[in-house]
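Below is one structure, written out as C-alpha cells; comments come after it.
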Amino acid sequence: MASPRLTGLEFQWFTQSQLLATSYQQSWRMDLEPSLSTLVSSITEDARANLTGPQSLQRLAIRLEQSANETAAVDFGAPPRANHRFEADRRITVLRCLAAKFVNAAGEVEALKRDAPAEANALPNQRGDCLDDFAPAHSPTICQS
C-alpha cells in the first residue's frame, strides 16, 4: 500500500511524532503522557487553523499507522542489543497511540469547522467590516465597494 503523500506541514507533524516515538523508545523512564498530550494539542491547534486540517490529520494518522506496521514487520533475528524488540514495541505503541489520537482529533476539527458559522471563517474584509481600524478614532473611514 502506498503511503499518502504529505504536505510540508504534515511532514513536519510526522517528524515531530517520529521524534517523540524515538525518545520514548530509547528512554525507558520517560513519562509519555505529558509529551503525548502536548504534541497532540499543538498539532491539533495547527490543524484547526489550516483549511484542510481534518484531511491532514487523517493523512498523518495513516502514515503513522503504516510506520508502526513497518516497524512491527521487521524481523530482528539476533538483535545486536538484548532489548531491541522491547524498544521497537515501545515505538509501535507510541505511533499507534498517536495515530488513534489524530483520527479522533480529525473528527473534532471536522465537526468544529462544520458547525462554525461561515462568517466566523471569513477574512475580515469579507465580513463587511467597513471601518478602518488604523484610522484615528475621530475620523473613521468607510470602505469603498
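Just remember, in the C-alpha cells the first chain shown is A, the second B, etc., residues are 1-based per chain, and ligands are 1-based in the order shown.
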
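The list of residues with at least one atom within 7 Å of stretch 50-55 of chain A, based on only C-alpha atoms and without residues fewer than 6 positions apart in the same chain, reads Ala106, Gly107, Val109 and Glu110 of chain A.
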
Residue contacts of A:Ser56 (12 Å, only C-alpha atoms) excluding same-chain residues fewer than 2 positions away, as a VMD selection string: chain A and resid 4 to 14 43 to 44 46 to 54 58 to 63 102 to 103 105 to 107 109 to 110

Atom CA of A:Lys101 to atom CA of A:Ala72, straight-line distance in Å: 19.6 Å

Near-A:Glu87 list (9 Å; only C-alpha atoms; drop same-chain fewer than 5 positions) as a list in words: Tyr24, Gln25, Gln26, Trp28 and Ile92 of chain A

Those same residues - N, CA and C atoms - I'd like them written as a tab-separated table (two decimals), in the first residue's frame.
```tsv
chain	number	residue	atom	x	y	z
A	24	TYR	N	10.73	8.05	23.30
A	24	TYR	CA	10.09	7.07	24.19
A	24	TYR	C	10.72	5.70	24.02
A	25	GLN	N	11.10	5.37	22.82
A	25	GLN	CA	11.72	4.08	22.54
A	25	GLN	C	13.04	3.94	23.30
A	26	GLN	N	13.81	5.01	23.35
A	26	GLN	CA	15.14	4.93	23.93
A	26	GLN	C	15.21	5.35	25.39
A	28	TRP	N	13.59	4.65	28.73
A	28	TRP	CA	12.68	3.75	29.41
A	28	TRP	C	11.98	4.41	30.58
A	92	ILE	N	6.26	1.23	18.51
A	92	ILE	CA	4.99	0.88	17.86
A	92	ILE	C	3.82	1.37	18.69
```

Counting only C-alpha atoms, the residue of A:Asn83, A:Asn104, A:Ser41, A:Ser67 that sits nearest A:Thr15: A:Ser67

Surrounding residues of A:Glu70 excluding itself and chain neighbours under 2 positions, 12 Å, only C-alpha atoms, as a short mmCIF file (atom, residue, chain, number, x, y, z; two decimals) with C-alpha atoms, in the first residue's frame:
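Saved to around01.cif:
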```cif
data_model
loop_
_atom_site.label_atom_id
_atom_site.label_comp_id
_atom_site.auth_asym_id
_atom_site.auth_seq_id
_atom_site.Cartn_x
_atom_site.Cartn_y
_atom_site.Cartn_z
CA MET A 1 0.00 0.00 0.00
CA SER A 3 1.86 5.92 1.74
CA ARG A 63 1.23 7.49 7.77
CA LEU A 64 1.93 6.90 11.47
CA GLU A 65 -0.01 3.62 11.41
CA GLN A 66 1.95 2.49 8.35
CA SER A 67 5.20 3.39 10.10
CA ALA A 68 4.13 1.32 13.11
CA ALA A 72 6.31 -4.42 13.60
CA ALA A 73 7.10 -6.35 10.41
CA VAL A 74 10.87 -6.16 10.87
CA ASP A 75 12.37 -9.49 11.85
CA ALA A 88 10.62 -1.48 18.97
CA ASP A 89 7.40 -2.44 20.75
CA ARG A 91 7.92 2.73 19.43
CA ILE A 92 4.99 0.88 17.86
CA LEU A 95 2.97 5.52 16.85
CA ARG A 96 -0.36 3.69 17.09
#
```

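In this model, the gap between atom CA of A:Val40 and atom CA of A:Asp115 comes to 21.8 Å.
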